[in-house]
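K.L.:
Structure file final-v9.cif (mmCIF, C-alpha atoms and all ligand atoms) is given on the next line.
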data_work
loop_
_atom_site.label_atom_id
_atom_site.label_comp_id
_atom_site.auth_asym_id
_atom_site.auth_seq_id
_atom_site.Cartn_x
_atom_site.Cartn_y
_atom_site.Cartn_z
CA MET A 178 5.21 211.55 97.15
CA PRO A 179 4.68 207.98 98.32
CA VAL A 180 1.25 207.06 99.65
CA SER A 181 1.00 205.79 103.23
CA LEU A 182 -2.38 204.74 104.47
CA LEU A 183 -4.03 204.12 107.81
CA ILE A 184 -7.13 201.95 107.46
CA ALA A 185 -9.99 202.00 109.94
CA SER A 186 -12.77 199.47 109.55
CA ASN A 187 -14.71 197.01 111.65
CA ASP A 188 -14.80 194.81 108.58
CA GLU A 189 -11.72 192.74 107.96
CA HIS A 190 -12.75 192.20 104.35
CA PHE A 191 -12.76 195.93 103.73
CA ARG A 192 -9.26 196.30 105.14
CA GLU A 193 -8.08 193.42 103.03
CA THR A 194 -9.60 194.91 99.88
CA VAL A 195 -7.84 198.21 100.49
CA ARG A 196 -4.56 196.38 100.98
CA GLU A 197 -5.08 194.39 97.78
CA ASN A 198 -5.94 197.47 95.78
CA LEU A 199 -2.87 199.20 97.06
CA LEU A 200 -0.65 196.41 95.76
CA ASN A 201 -1.21 197.79 92.26
CA ILE A 202 -0.11 201.25 93.19
CA GLN A 203 3.59 201.99 93.19
CA ASN A 204 5.24 203.54 96.20
CA SER A 205 2.33 202.90 98.49
CA LYS A 206 1.90 201.07 101.73
CA VAL A 207 -0.41 200.44 104.66
CA LEU A 208 1.07 201.71 107.92
CA SER A 209 -1.59 200.67 110.38
CA GLU A 210 -4.98 199.02 110.53
CA TYR A 211 -7.56 199.79 113.18
CA PRO A 212 -10.12 197.04 113.61
CA GLU A 213 -12.67 199.35 115.16
CA VAL A 214 -14.16 202.68 114.22
CA SER A 215 -14.89 204.22 117.59
CA SER A 216 -14.62 207.43 119.59
CA THR A 217 -11.03 206.57 120.55
CA LEU A 218 -9.83 206.11 116.97
CA TYR A 219 -8.22 209.54 116.99
CA ILE A 220 -5.77 208.45 119.68
CA ARG A 221 -4.35 205.64 117.59
CA VAL A 222 -4.31 207.91 114.55
CA LEU A 223 -2.43 210.62 116.45
CA GLN A 224 0.10 208.11 117.70
CA ASP A 225 0.76 206.85 114.20
CA LEU A 226 0.94 210.35 112.72
CA GLU A 227 3.68 211.23 115.16
CA ARG A 228 5.84 208.70 113.41
CA HIS A 229 4.34 209.15 109.93
CA PRO A 230 3.07 212.69 109.45
CA GLU A 231 2.56 212.04 105.74
CA ALA A 232 -0.10 209.35 106.24
CA ALA A 233 -3.72 209.57 105.08
CA LEU A 234 -6.71 207.76 106.58
CA VAL A 235 -9.20 205.50 104.82
CA MET A 236 -12.24 205.16 107.03
CA ASP A 237 -15.08 202.70 106.60
CA MET A 238 -18.29 204.39 107.78
CA SER A 239 -20.63 201.49 107.13
CA TYR A 240 -20.67 199.57 110.42
CA ASP A 241 -22.46 202.21 112.45
CA SER A 242 -22.56 205.48 110.57
CA GLU A 243 -23.52 207.58 113.58
CA ILE A 244 -20.55 206.37 115.62
CA ALA A 245 -18.32 206.61 112.55
CA LEU A 246 -19.30 210.23 111.84
CA ALA A 247 -18.61 211.18 115.46
CA ALA A 248 -15.27 209.34 115.29
CA LEU A 249 -14.38 211.14 112.06
CA GLN A 250 -15.21 214.51 113.62
CA LYS A 251 -12.95 213.75 116.56
CA VAL A 252 -10.12 212.72 114.26
CA LYS A 253 -10.47 215.94 112.27
CA GLN A 254 -10.61 218.04 115.45
CA ALA A 255 -7.37 216.44 116.57
CA VAL A 256 -5.65 216.71 113.16
CA PRO A 257 -7.48 219.21 110.94
CA GLU A 258 -5.05 218.79 108.04
CA LEU A 259 -5.38 214.99 107.84
CA TYR A 260 -6.59 213.71 104.47
CA VAL A 261 -9.47 211.30 105.05
CA VAL A 262 -11.16 209.09 102.48
CA ALA A 263 -14.54 208.02 103.85
CA SER A 264 -16.25 204.96 102.47
CA ASN A 265 -19.69 203.43 102.76
CA TYR A 266 -22.09 201.05 101.00
CA GLN A 267 -24.65 203.76 101.12
CA ALA A 268 -23.54 206.39 98.69
CA ASP A 269 -26.59 208.60 98.36
CA GLY A 270 -26.18 212.36 98.44
CA GLU A 271 -27.07 212.67 102.09
CA THR A 272 -24.55 210.05 103.25
CA VAL A 273 -21.76 211.56 101.19
CA LEU A 274 -22.57 215.07 102.38
CA ALA A 275 -22.58 213.96 106.02
CA CYS A 276 -19.09 212.53 105.56
CA LEU A 277 -17.80 215.67 103.88
CA ARG A 278 -19.32 217.84 106.61
CA ALA A 279 -17.66 215.69 109.26
CA GLY A 280 -14.37 216.45 107.56
CA ALA A 281 -13.78 213.80 104.90
CA SER A 282 -11.70 214.93 101.94
CA ASP A 283 -13.06 212.31 99.57
CA PHE A 284 -15.63 209.51 99.39
CA LEU A 285 -15.55 206.00 97.96
CA ALA A 286 -18.60 203.81 97.46
CA GLN A 287 -18.48 200.17 98.53
CA PRO A 288 -17.92 197.56 97.30
CA LEU A 289 -14.66 199.18 96.29
CA LYS A 290 -13.94 199.24 92.58
CA ARG A 291 -10.36 199.10 91.42
CA ILE A 292 -10.58 202.07 89.07
CA GLU A 293 -12.40 204.25 91.55
CA PHE A 294 -9.89 203.37 94.23
CA ARG A 295 -6.97 204.21 91.95
CA ASP A 296 -8.57 207.55 91.06
CA ALA A 297 -9.07 208.34 94.75
CA ILE A 298 -5.40 207.64 95.41
CA GLN A 299 -4.47 209.94 92.53
CA ARG A 300 -6.58 212.71 94.03
CA LEU A 301 -4.90 212.06 97.36
CA GLU A 302 -1.46 212.27 95.76
CA SER A 303 -2.20 215.60 94.16
CA ALA A 304 -3.85 217.12 97.22
CA PRO A 305 -1.99 220.07 98.75
CA ARG A 306 -0.82 220.18 102.38
CA ARG A 307 -0.54 216.48 103.02
CA VAL A 308 1.85 216.52 105.92
CA SER A 309 0.23 216.90 109.30
CA THR A 310 2.01 219.35 111.55
CA THR A 311 0.07 218.53 114.68
CA THR A 312 2.26 217.29 117.46
CA SER A 313 -0.05 215.51 119.78
CA ARG A 314 -0.72 216.97 123.17
CA LEU A 315 -2.03 213.62 124.29
CA GLY A 316 -0.44 211.83 127.20
CA LYS A 317 1.99 209.03 126.47
CA ILE A 318 1.37 205.46 127.51
CA TYR A 319 4.42 203.46 128.65
CA THR A 320 3.77 199.79 129.32
CA PHE A 321 6.15 197.47 131.15
CA LEU A 322 5.64 193.87 130.15
CA GLY A 323 7.63 191.08 131.79
CA ALA A 324 8.77 188.20 129.62
CA LYS A 325 8.64 186.17 132.83
CA GLY A 326 7.59 186.62 136.42
CA GLY A 327 10.17 188.02 138.81
CA VAL A 328 12.28 189.86 136.21
CA GLY A 329 11.53 193.23 137.82
CA THR A 330 8.59 194.54 135.78
CA THR A 331 6.82 196.06 138.77
CA THR A 332 10.04 197.56 140.17
CA LEU A 333 10.84 199.32 136.89
CA ALA A 334 7.28 200.54 136.26
CA VAL A 335 7.00 201.97 139.77
CA ASN A 336 10.34 203.77 139.61
CA PHE A 337 9.59 205.06 136.10
CA ALA A 338 6.30 206.61 137.23
CA SER A 339 8.04 207.99 140.32
CA VAL A 340 10.70 209.82 138.30
CA LEU A 341 8.03 211.32 136.03
CA ALA A 342 6.05 212.50 139.05
CA GLN A 343 9.22 213.99 140.57
CA ARG A 344 9.59 215.90 137.31
CA LYS A 345 6.13 217.35 137.89
CA GLN A 346 4.55 215.36 135.09
CA GLN A 347 0.87 214.56 135.59
CA THR A 348 1.26 210.81 135.90
CA VAL A 349 -1.02 207.81 136.40
CA LEU A 350 0.31 204.36 137.28
CA LEU A 351 -1.95 201.41 136.44
CA ASP A 352 -1.48 197.89 137.76
CA PHE A 353 -2.79 195.33 135.28
CA ASP A 354 -1.15 192.37 136.94
CA TRP A 355 -4.42 190.88 138.20
CA THR A 356 -2.87 188.16 140.31
CA GLY A 357 0.26 190.03 141.43
CA ASN A 358 -1.27 193.37 142.39
CA GLU A 359 2.14 194.32 143.76
CA VAL A 360 2.42 197.97 142.77
CA CYS A 361 0.69 199.02 145.99
CA LEU A 362 3.24 196.93 147.91
CA HIS A 363 6.15 198.78 146.31
CA VAL A 364 4.75 202.18 147.26
CA GLY A 365 3.14 201.33 150.58
CA ALA A 366 -0.38 202.11 149.46
CA ALA A 367 -3.59 200.53 150.69
CA PRO A 368 -6.04 201.49 147.97
CA GLN A 369 -9.68 201.64 148.86
CA TYR A 370 -10.88 201.73 145.27
CA THR A 371 -9.76 199.60 142.38
CA LEU A 372 -10.12 199.07 138.66
CA MET A 373 -13.50 197.53 139.45
CA GLU A 374 -14.85 200.94 140.49
CA VAL A 375 -13.11 202.53 137.48
CA GLY A 376 -14.94 200.06 135.26
CA GLU A 377 -18.27 200.76 136.93
CA ASN A 378 -17.88 204.49 136.48
CA VAL A 379 -15.98 204.67 133.20
CA GLY A 380 -18.96 206.15 131.34
CA ARG A 381 -19.03 209.23 133.56
CA MET A 382 -15.31 209.46 134.31
CA ASP A 383 -13.86 212.89 134.85
CA GLN A 384 -10.80 214.17 136.63
CA ALA A 385 -12.58 215.05 139.87
CA LEU A 386 -14.22 211.65 140.12
CA PHE A 387 -11.01 209.81 139.21
CA GLU A 388 -8.72 211.70 141.57
CA GLY A 389 -11.38 211.51 144.24
CA PHE A 390 -11.27 207.77 144.46
CA VAL A 391 -7.87 206.57 143.35
CA THR A 392 -4.78 206.67 145.54
CA ARG A 393 -2.35 209.54 145.27
CA ASP A 394 1.24 208.65 146.03
CA PRO A 395 3.26 211.18 148.09
CA LEU A 396 5.43 211.67 144.98
CA GLY A 397 2.35 212.91 143.16
CA PHE A 398 1.30 210.16 140.76
CA PHE A 399 -2.13 208.55 140.86
CA LEU A 400 -2.35 204.82 141.26
CA VAL A 401 -5.07 202.29 140.59
CA GLY A 402 -4.94 198.51 140.38
CA PRO A 403 -6.96 195.33 140.68
CA PRO A 404 -8.98 194.25 143.71
CA ASP A 405 -6.81 192.46 146.23
CA ALA A 406 -9.02 189.41 146.79
CA LEU A 407 -8.07 186.86 144.16
CA GLU A 408 -11.55 185.51 143.59
CA GLN A 409 -12.70 188.83 142.20
CA ARG A 410 -10.74 190.00 139.24
CA GLY A 411 -13.36 192.70 139.06
CA TYR A 412 -15.33 193.49 136.00
CA PHE A 413 -12.85 195.44 133.94
CA THR A 414 -12.88 194.68 130.24
CA GLU A 415 -10.87 195.70 127.23
CA PRO A 416 -13.59 198.08 125.90
CA MET A 417 -13.65 199.66 129.38
CA PHE A 418 -9.91 200.11 129.23
CA ARG A 419 -10.19 201.78 125.85
CA GLU A 420 -12.73 204.26 127.15
CA PHE A 421 -10.67 204.82 130.29
CA SER A 422 -7.46 205.34 128.31
CA THR A 423 -9.10 208.03 126.17
CA PHE A 424 -9.87 209.91 129.35
CA LEU A 425 -6.34 209.34 130.68
CA VAL A 426 -4.42 210.51 127.62
CA GLU A 427 -6.57 213.60 127.39
CA LYS A 428 -6.02 214.61 131.01
CA TYR A 429 -2.59 213.28 132.01
CA GLN A 430 0.85 213.59 130.51
CA SER A 431 2.11 210.10 131.26
CA ILE A 432 0.38 206.80 131.86
CA VAL A 433 2.63 204.03 133.13
CA ILE A 434 1.32 200.48 133.12
CA ASP A 435 2.59 197.43 134.97
CA ALA A 436 1.25 194.75 132.63
CA GLY A 437 2.80 191.84 134.51
CA LYS A 438 3.59 188.96 132.20
CA ASN A 439 0.07 188.13 131.01
CA ILE A 440 0.44 189.00 127.37
CA ASN A 441 -2.69 187.16 126.28
CA ASP A 442 -5.00 188.93 128.69
CA ASP A 443 -7.46 191.08 126.71
CA VAL A 444 -6.96 194.18 128.82
CA VAL A 445 -3.18 193.83 128.64
CA LEU A 446 -3.33 193.41 124.87
CA GLY A 447 -5.55 196.48 124.64
CA ALA A 448 -3.02 198.39 126.75
CA LEU A 449 -0.15 197.23 124.55
CA GLN A 450 -2.06 198.37 121.49
CA ALA A 451 -2.64 201.81 122.99
CA SER A 452 0.97 202.18 124.15
CA ASN A 453 3.45 204.61 122.66
CA THR A 454 6.22 202.45 124.06
CA ILE A 455 6.29 198.87 125.27
CA PHE A 456 9.20 197.90 127.50
CA LEU A 457 9.75 194.19 127.33
CA VAL A 458 11.57 193.40 130.56
CA ILE A 459 14.02 190.51 130.60
CA THR A 460 17.10 189.32 132.45
CA GLN A 461 20.15 187.68 130.92
CA GLU A 462 18.95 184.25 131.95
CA TYR A 463 18.00 181.83 129.21
CA PRO A 464 14.37 181.19 130.21
CA ALA A 465 13.65 184.93 130.13
CA ILE A 466 15.32 185.33 126.74
CA ARG A 467 13.48 182.38 125.32
CA ASP A 468 10.13 183.75 126.54
CA ALA A 469 11.00 187.18 125.19
CA GLN A 470 11.52 185.57 121.81
CA ARG A 471 8.03 184.03 121.96
CA TYR A 472 6.51 187.31 123.14
CA LEU A 473 8.18 189.25 120.35
CA SER A 474 7.07 186.90 117.62
CA PHE A 475 3.53 186.93 119.00
CA LEU A 476 3.55 190.74 119.01
CA MET A 477 4.87 190.84 115.44
CA ARG A 478 2.12 188.44 114.32
CA THR A 479 -0.43 190.63 116.10
CA GLY A 480 0.63 193.63 114.04
CA PHE A 481 2.99 195.48 116.38
CA SER A 482 6.04 197.10 114.88
CA GLN A 483 9.52 196.57 116.23
CA ASP A 484 10.05 200.25 116.95
CA GLN A 485 7.22 200.26 119.51
CA ILE A 486 8.96 197.58 121.56
CA LYS A 487 12.07 198.28 123.62
CA ILE A 488 14.07 195.54 125.24
CA LEU A 489 15.03 196.31 128.84
CA ILE A 490 17.53 194.11 130.60
CA ASN A 491 17.05 194.19 134.34
CA ARG A 492 19.70 193.04 136.81
CA TYR A 493 22.11 193.76 134.02
CA GLN A 494 25.65 192.45 134.39
CA LYS A 495 28.51 193.02 132.01
CA LYS A 496 30.67 190.23 133.20
CA ASN A 497 30.30 187.01 131.24
CA ASP A 498 29.47 183.78 133.03
CA PRO A 499 27.90 180.47 131.96
CA PHE A 500 24.50 181.42 133.40
CA HIS A 501 24.03 184.79 131.78
CA ALA A 502 23.91 185.65 128.10
CA SER A 503 25.90 188.63 126.88
CA ILE A 504 24.17 191.63 125.33
CA GLU A 505 25.37 190.48 121.92
CA GLN A 506 23.83 187.05 122.46
CA VAL A 507 20.57 188.63 123.62
CA GLN A 508 20.46 190.90 120.58
CA GLN A 509 21.25 188.09 118.24
CA THR A 510 18.60 185.79 119.69
CA LEU A 511 15.91 188.46 119.77
CA ASN A 512 17.01 190.07 116.53
CA GLN A 513 16.60 193.42 118.14
CA ALA A 514 18.82 195.94 119.89
CA VAL A 515 18.82 196.11 123.67
CA TYR A 516 17.42 199.49 124.70
CA TYR A 517 18.81 199.77 128.20
CA GLY A 518 20.31 197.77 131.05
CA ILE A 519 19.41 198.41 134.69
CA PRO A 520 22.07 196.96 137.00
CA SER A 521 21.44 194.55 139.79
CA SER A 522 21.42 196.18 143.20
CA PRO A 523 20.31 195.23 146.71
CA VAL A 524 18.96 198.77 147.01
CA PHE A 525 15.89 197.61 145.07
CA LEU A 526 15.24 194.99 147.73
CA SER A 527 15.61 197.41 150.60
CA ALA A 528 13.30 199.80 148.75
CA ILE A 529 10.59 197.15 148.77
CA ASN A 530 11.10 196.57 152.46
CA LYS A 531 10.71 200.28 153.07
CA ALA A 532 7.72 200.28 150.71
CA ARG A 533 9.08 203.32 148.85
CA PRO A 534 10.46 203.37 145.30
CA MET A 535 14.26 203.34 144.95
CA VAL A 536 14.26 206.79 143.28
CA SER A 537 12.36 208.41 146.15
CA ASP A 538 15.58 208.49 148.16
CA ARG A 539 18.15 210.06 145.89
CA GLU A 540 21.02 209.64 148.34
CA ALA A 541 20.55 205.92 149.02
CA ALA A 542 22.26 204.82 145.83
CA ALA A 543 23.38 207.82 143.83
CA GLU A 544 24.90 205.88 140.94
CA LEU A 545 21.90 203.59 140.51
CA ASP A 546 19.59 206.58 140.79
CA ARG A 547 21.53 208.40 138.08
CA MET A 548 21.42 205.40 135.77
CA PHE A 549 17.72 204.97 136.25
CA ARG A 550 17.07 208.62 135.53
CA SER A 551 19.08 208.50 132.36
CA PHE A 552 16.95 205.55 131.25
CA VAL A 553 13.86 207.72 131.84
CA ASP A 554 15.51 210.56 129.89
CA LYS A 555 16.13 208.29 126.96
CA ALA A 556 12.63 206.84 127.05
CA THR A 557 10.88 210.19 127.26
CA GLY A 558 13.19 212.01 124.87
CA VAL A 559 14.35 214.51 127.48
CA VAL A 560 17.55 216.33 126.70
CA ARG A 561 20.13 216.21 129.45
CA GLU A 562 20.63 219.95 129.92
CA ALA A 563 16.91 220.50 130.36
CA VAL A 564 16.85 217.88 133.10
CA ALA A 565 19.86 219.37 134.84
CA LYS A 566 18.11 222.74 134.94
CA SER A 567 14.83 221.42 136.26
CA ALA A 568 16.41 219.14 138.88
N1 LIG B 601 17.73 195.54 139.30
C1 LIG B 601 17.43 194.79 140.38
N2 LIG B 601 18.41 194.40 141.22
C2 LIG B 601 18.12 193.65 142.31
N3 LIG B 601 16.91 193.24 142.65
C3 LIG B 601 15.89 193.60 141.85
C4 LIG B 601 16.09 194.39 140.68
N4 LIG B 601 14.89 194.59 140.10
C5 LIG B 601 13.99 193.95 140.87
N5 LIG B 601 14.56 193.35 141.90
C6 LIG B 601 13.91 192.56 142.95
O1 LIG B 601 13.41 191.38 142.36
C7 LIG B 601 12.18 191.02 142.95
C8 LIG B 601 11.12 190.87 141.86
O2 LIG B 601 10.89 192.13 141.30
P1 LIG B 601 9.46 192.55 140.77
O3 LIG B 601 9.58 193.95 140.30
O4 LIG B 601 8.41 192.24 141.77
O5 LIG B 601 9.37 191.55 139.53
P2 LIG B 601 8.10 191.20 138.60
O6 LIG B 601 7.14 192.33 138.69
O7 LIG B 601 8.69 191.04 137.24
O8 LIG B 601 7.54 189.93 139.10
C9 LIG B 601 11.85 192.09 143.97
O9 LIG B 601 12.20 191.66 145.22
C10 LIG B 601 12.72 193.26 143.54
O10 LIG B 601 13.10 194.05 144.61
MG MG B 602 5.16 192.29 139.29
#
Kindly present the structure from the file in C-alpha cells form.
P.N.:
Amino acid sequence: MPVSLLIASNDEHFRETVRENLLNIQNSKVLSEYPEVSSTLYIRVLQDLERHPEAALVMDMSYDSEIALAALQKVKQAVPELYVVASNYQADGETVLACLRAGASDFLAQPLKRIEFRDAIQRLESAPRRVSTTTSRLGKIYTFLGAKGGVGTTTLAVNFASVLAQRKQQTVLLDFDWTGNEVCLHVGAAPQYTLMEVGENVGRMDQALFEGFVTRDPLGFFLVGPPDALEQRGYFTEPMFREFSTFLVEKYQSIVIDAGKNINDDVVLGALQASNTIFLVITQEYPAIRDAQRYLSFLMRTGFSQDQIKILINRYQKKNDPFHASIEQVQQTLNQAVYYGIPSSPVFLSAINKARPMVSDREAAAELDRMFRSFVDKATGVVREAVAKSA
C-alpha cells in the first residue's frame, strides 16, 4: 500500500527533512503540510482525510509540547483510527509515553535519522486498519473569491447561503470584503455587531453568544461582516479567524464566505486555507481571466491543490463575440475546467434594489432560480431526487 503523509510542524526544516527522507521511499508522497500545530489542526486533517482516507500523520511535538499533546488528542478524538507518528527532540521515557497516551502510534526522535525514519515508515506500512472510515461531521466552508471587483462575488455568495438556509441547513455567511461590506446591502440587514466584536469575544465564543449578537436573515442564515466605517477595519486577525472557524465548523453545517477580491489579505488567505471549496468567480472578459490566471498560480505556489478551486463564470453567455472569451478559451488559458456558468440576468439587479437575494423569490425568475439551485446541488453533492423530495 502506498504511503501518503500529512506533516504538521511549526518548523519548516522539520517538514523539509520529512519530505527529503520520503524521496528515498518508493510509492510515497506528502499530501499536505500544516505549518502550525494547534488546537484547530484536526479540522485540516479531517478535510484532507475526506479526500485521502489512507493518509497517516507525522506530527512534530517539539514547538510547544503542551499545545501539541492537546492538538494530538483532538485529532485522535476526531479520527481514532488515524496512524500518527509523533516526533520530538526530547525523547525521554516520559515524553514518549505522553505522546503514546495522547494517541500516537509511533515515535521518532529528532533530529530525524534516515534509518530510523525508514523503519518507522515500514512499521506504518505493516500496521493494520490504515484507512480511516470517519466521515467528518464538521461543517463545510465555501469561499467565494472574485478575480476582480464587480464580477458578482457577493451576489453568488449571498444566494448560495440563501439556498442552503432554505434547505434548512445551519448556515453562517461571513463578509470578509473589508472595504466592500456589501453583503448586508444585498440582504437588507443593518448589523449592530461586526467581526470586531467576534474578534473581541472569540476566546469565549459559544452558540448562544454568537447568535445573540450577529444578524439573523429571515431565510435563517446568520450573517456577520466588517464594521461599516472605513477607518476601522476592526481588530480581526488570521489567528482569530482560525479560532472562530473551529467554533463555526463544529456548530454549523455550512459556512459561506464572501472573500471579495483581496487574495493577499491574511484573514482571506486563512479562510481560503480552511475552505473545503474555493469558488474563483470570473466573467468572460479578458481582464478577469487574466487576473484569475494570476490568482490561480499564486494559489498553486502557496500549496493549494487544483481540486479545491472551482472556476465559476458569472454573467455567462454562450454566444461568441469579440469581447467575451468562450468556455474553451477560458479553460485553455486557466488550464482548468470551468465548474459552472451563471447566466446574466437583470433579475440580480432588481434583487439588489429590493435588498433580498434573487433566490428568495422563487417565482421572479424560475429558470434562473432553477439554474442557481442546480449549481448549489453540484457544489454540495446533493442528489437531484433528494432535493425534489425536500423542496
Ligand atoms: N449574473 C448576473 N447578471 C446580471 N447582473 C449581475 C449578475 N451577478 C451580479 N450582477 C450585478 O453586478 C453587480 C456587481 O455584483 P457584486 O455581486 O456586487 O460583485 P462583486 O462582489 O464581485 O463586486 C451588482 O449590481 C449585481 O447585481
Ligand atoms: Mg462584493
K.L.:
Residues at most 7 Å from ligand MG 602 (chain B), using all atoms listed in the file? Could they come as a list of chain:residue names?
P.N.:
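Counting all atoms listed in the file, the residues within 7 Å of ligand MG 602 (chain B) come out as A:Gly326, A:Gly327, A:Gly329, A:Thr330, A:Thr331, A:Asp354, A:Gly357, A:Glu359, A:Gly437.
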K.L.:
Hey, can you spit out that residue selection with C-alpha atoms as a JSON list (two decimals), in the frame of the given file?
P.N.:
[["chain", "number", "residue", "atom", "x", "y", "z"],
["A", 326, "GLY", "CA", 7.59, 186.62, 136.42],
["A", 327, "GLY", "CA", 10.17, 188.02, 138.81],
["A", 329, "GLY", "CA", 11.53, 193.23, 137.82],
["A", 330, "THR", "CA", 8.59, 194.54, 135.78],
["A", 331, "THR", "CA", 6.82, 196.06, 138.77],
["A", 354, "ASP", "CA", -1.15, 192.37, 136.94],
["A", 357, "GLY", "CA", 0.26, 190.03, 141.43],
["A", 359, "GLU", "CA", 2.14, 194.32, 143.76],
["A", 437, "GLY", "CA", 2.80, 191.84, 134.51]]
K.L.:
Near stretch 471-480 of chain A, counting all atoms listed in the file, which residues have an atom at most 9 Å away, once you skip same-chain residues fewer than 4 positions from it, shown as a PyMOL selection string?
P.N.:
chain A and resi 209-210+324+440+457+466-467+486+511
K.L.:
Would you put the residues from that selection into a file with C-alpha atoms, as an mmCIF file, in the coordinates of the input?
P.N.:
data_model
loop_
_atom_site.group_PDB
_atom_site.id
_atom_site.type_symbol
_atom_site.label_atom_id
_atom_site.label_comp_id
_atom_site.auth_asym_id
_atom_site.auth_seq_id
_atom_site.Cartn_x
_atom_site.Cartn_y
_atom_site.Cartn_z
ATOM 1 C CA SER A 209 -1.590 200.670 110.380
ATOM 2 C CA GLU A 210 -4.980 199.020 110.530
ATOM 3 C CA ALA A 324 8.770 188.200 129.620
ATOM 4 C CA ILE A 440 0.440 189.000 127.370
ATOM 5 C CA LEU A 457 9.750 194.190 127.330
ATOM 6 C CA ILE A 466 15.320 185.330 126.740
ATOM 7 C CA ARG A 467 13.480 182.380 125.320
ATOM 8 C CA ILE A 486 8.960 197.580 121.560
ATOM 9 C CA LEU A 511 15.910 188.460 119.770
#
K.L.:
Hey, what's within 9 Å of A:Pro404 if we count only C-alpha atoms and toss same-chain stuff fewer than 4 positions away? As a list of chain:residue names, please?
P.N.:
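Contacts, with the query itself left out: A:Trp355, A:Asn358, A:Pro368, A:Tyr370, A:Thr371, A:Leu372, A:Met373, A:Gln409, A:Arg410, A:Gly411.
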K.L.:
Would you list the residues that come within 9 Å of ligand LIG 601 (chain B)? Count only C-alpha atoms and all ligand atoms and give the answer as a PyMOL selection string.
P.N.:
chain A and resi 322-335+354+357+359-360+363+435-438+458-459+490-493+518-530
K.L.:
Give me, as a Markdown table, each residue of stretch 284-383 of chain A that comes within 12 Å of stretch 539-542 of chain A, together with its shortest interatomic pair and the distance in Å at one decimal, counting all atoms listed in the file, with rows ordered by chain and rising residue number.
P.N.:
| residue | atom | partner | partner_atom | distance |
| --- | --- | --- | --- | --- |
| A:Asn336 | CA | A:Arg539 | CA | 11.8 |
| A:Ser339 | CA | A:Arg539 | CA | 11.7 |
| A:Val340 | CA | A:Arg539 | CA | 10.6 |
| A:Gln343 | CA | A:Arg539 | CA | 11.1 |
K.L.:
Any idea what the distance is between atom CA of A:Asp498 and atom CA of A:Arg547?
P.N.:
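We find that atom CA of A:Asp498 and atom CA of A:Arg547 lie 26.4 Å from each other.
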K.L.:
Tell me which of A:Cys276, A:Ala556, A:Glu462, A:Ile432 sits closest to A:Ser242, counting all atoms listed in the file.
P.N.:
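Of A:Cys276, A:Ala556, A:Glu462, A:Ile432, the one nearest A:Ser242 is A:Cys276, counting all atoms listed in the file.
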K.L.:
Could you state the separation of atom CA of A:Ala448 and atom CA of A:Ser313 in Å, given to one decimal place?
P.N.:
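Between atom CA of A:Ala448 and atom CA of A:Ser313 the gap is 18.7 Å.
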K.L.:
Point out the residue among A:Leu246, A:Met178, A:Ala514, A:Ala263 with the least atom-to-atom distance to A:Ala279, counting all atoms listed in the file.
P.N.:
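Using all atoms listed in the file, A:Ala279 sits closest to A:Leu246.
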K.L.:
Within 12 Å of (7.4, 217.9, 138.1), only C-alpha atoms: residues as a ChimeraX atom specification?
P.N.:
/A:338-348,396-398,430-431,564,567-568
K.L.:
Between atom CA of A:Thr460 and atom CA of A:Arg228, what is the distance, to one decimal in Å?
P.N.:
29.4 Å
K.L.:
Please identify all polymer residues within 8 Å of A:Ser186, counting all atoms listed in the file, omitting same-chain residues fewer than 2 positions from it, and present them as JSON, numbers by chain.
P.N.:
{"A": [184, 188, 189, 191, 192, 210, 211, 212, 213, 214, 236, 237, 238, 240]}
K.L.:
If you count only C-alpha atoms, which residues fall within 12 Å of A:Ile318, apart from same-chain ones fewer than 6 positions away, as an MDAnalysis selection string?
P.N.:
chainID A and resid 220:221 224 334 337:338 348:351 422:423 425:427 429:436 447:456 485 556:557
K.L.:
Kindly indicate which residue among A:Leu400, A:Ile244, A:Leu289, A:Leu182 lies nearest to A:Val222, using only C-alpha atoms for the distances.
P.N.:
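Of A:Leu400, A:Ile244, A:Leu289, A:Leu182, the one nearest A:Val222 is A:Leu182, counting only C-alpha atoms.
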K.L.:
Edge lengths and centre in Å to one decimal, as AutoDock Vina command-line options, of the axis-aligned box that encloses all listed atoms of stretch 533-550 of chain A with 8 Å added on every side?
P.N.:
--center_x 17.0 --center_y 206.7 --center_z 142.3 --size_x 31.8 --size_y 22.7 --size_z 29.5
K.L.:
Closest to A:Val536 among A:Val195, A:Val364, A:Ala247, A:Ala385, using all atoms listed in the file?
P.N.:
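Selected residue with least distance to A:Val536: A:Val364.
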K.L.:
Which of these, A:Asn439, A:Lys496, A:Thr194, A:Glu420, has the shortest distance to A:Lys290 once you count only C-alpha atoms?
P.N.:
A:Thr194
K.L.:
Nearest to A:Ser282 among A:Ala255, A:Leu249, A:Val401, A:Ala268, with distances taken over all atoms listed in the file: which residue is it?
P.N.:
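Going through A:Ala255, A:Leu249, A:Val401, A:Ala268 one by one, the smallest distance to A:Ser282 is for A:Leu249.
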K.L.:
Which residues, written as a PyMOL selection string, have at least one atom at most 10 Å from A:Phe294, with all atoms listed in the file counted and residues fewer than 2 positions away on the same chain left out?
P.N.:
chain A and resi 195+198-199+284-286+289-292+296-300
K.L.:
Quick test: take stretch 449-463 of chain A, keep C-alpha atoms, and write it as a short mmCIF file (atom, residue, chain, number, x, y, z; two decimals), in the first residue's frame.
P.N.:
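The result, written out as decode28.cif:
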data_model
loop_
_atom_site.label_atom_id
_atom_site.label_comp_id
_atom_site.auth_asym_id
_atom_site.auth_seq_id
_atom_site.Cartn_x
_atom_site.Cartn_y
_atom_site.Cartn_z
CA LEU A 449 -9.02 30.01 1.76
CA GLN A 450 -6.78 27.58 3.60
CA ALA A 451 -9.66 26.41 5.79
CA SER A 452 -12.08 26.10 2.86
CA ASN A 453 -13.40 22.82 1.53
CA THR A 454 -14.18 24.58 -1.71
CA ILE A 455 -12.95 27.84 -3.19
CA PHE A 456 -15.07 29.34 -5.95
CA LEU A 457 -12.98 31.62 -8.08
CA VAL A 458 -15.51 33.95 -9.67
CA ILE A 459 -14.76 35.36 -13.11
CA THR A 460 -16.55 36.70 -16.16
CA GLN A 461 -15.66 36.02 -19.78
CA GLU A 462 -13.91 39.36 -20.07
CA TYR A 463 -10.17 39.34 -20.60
#
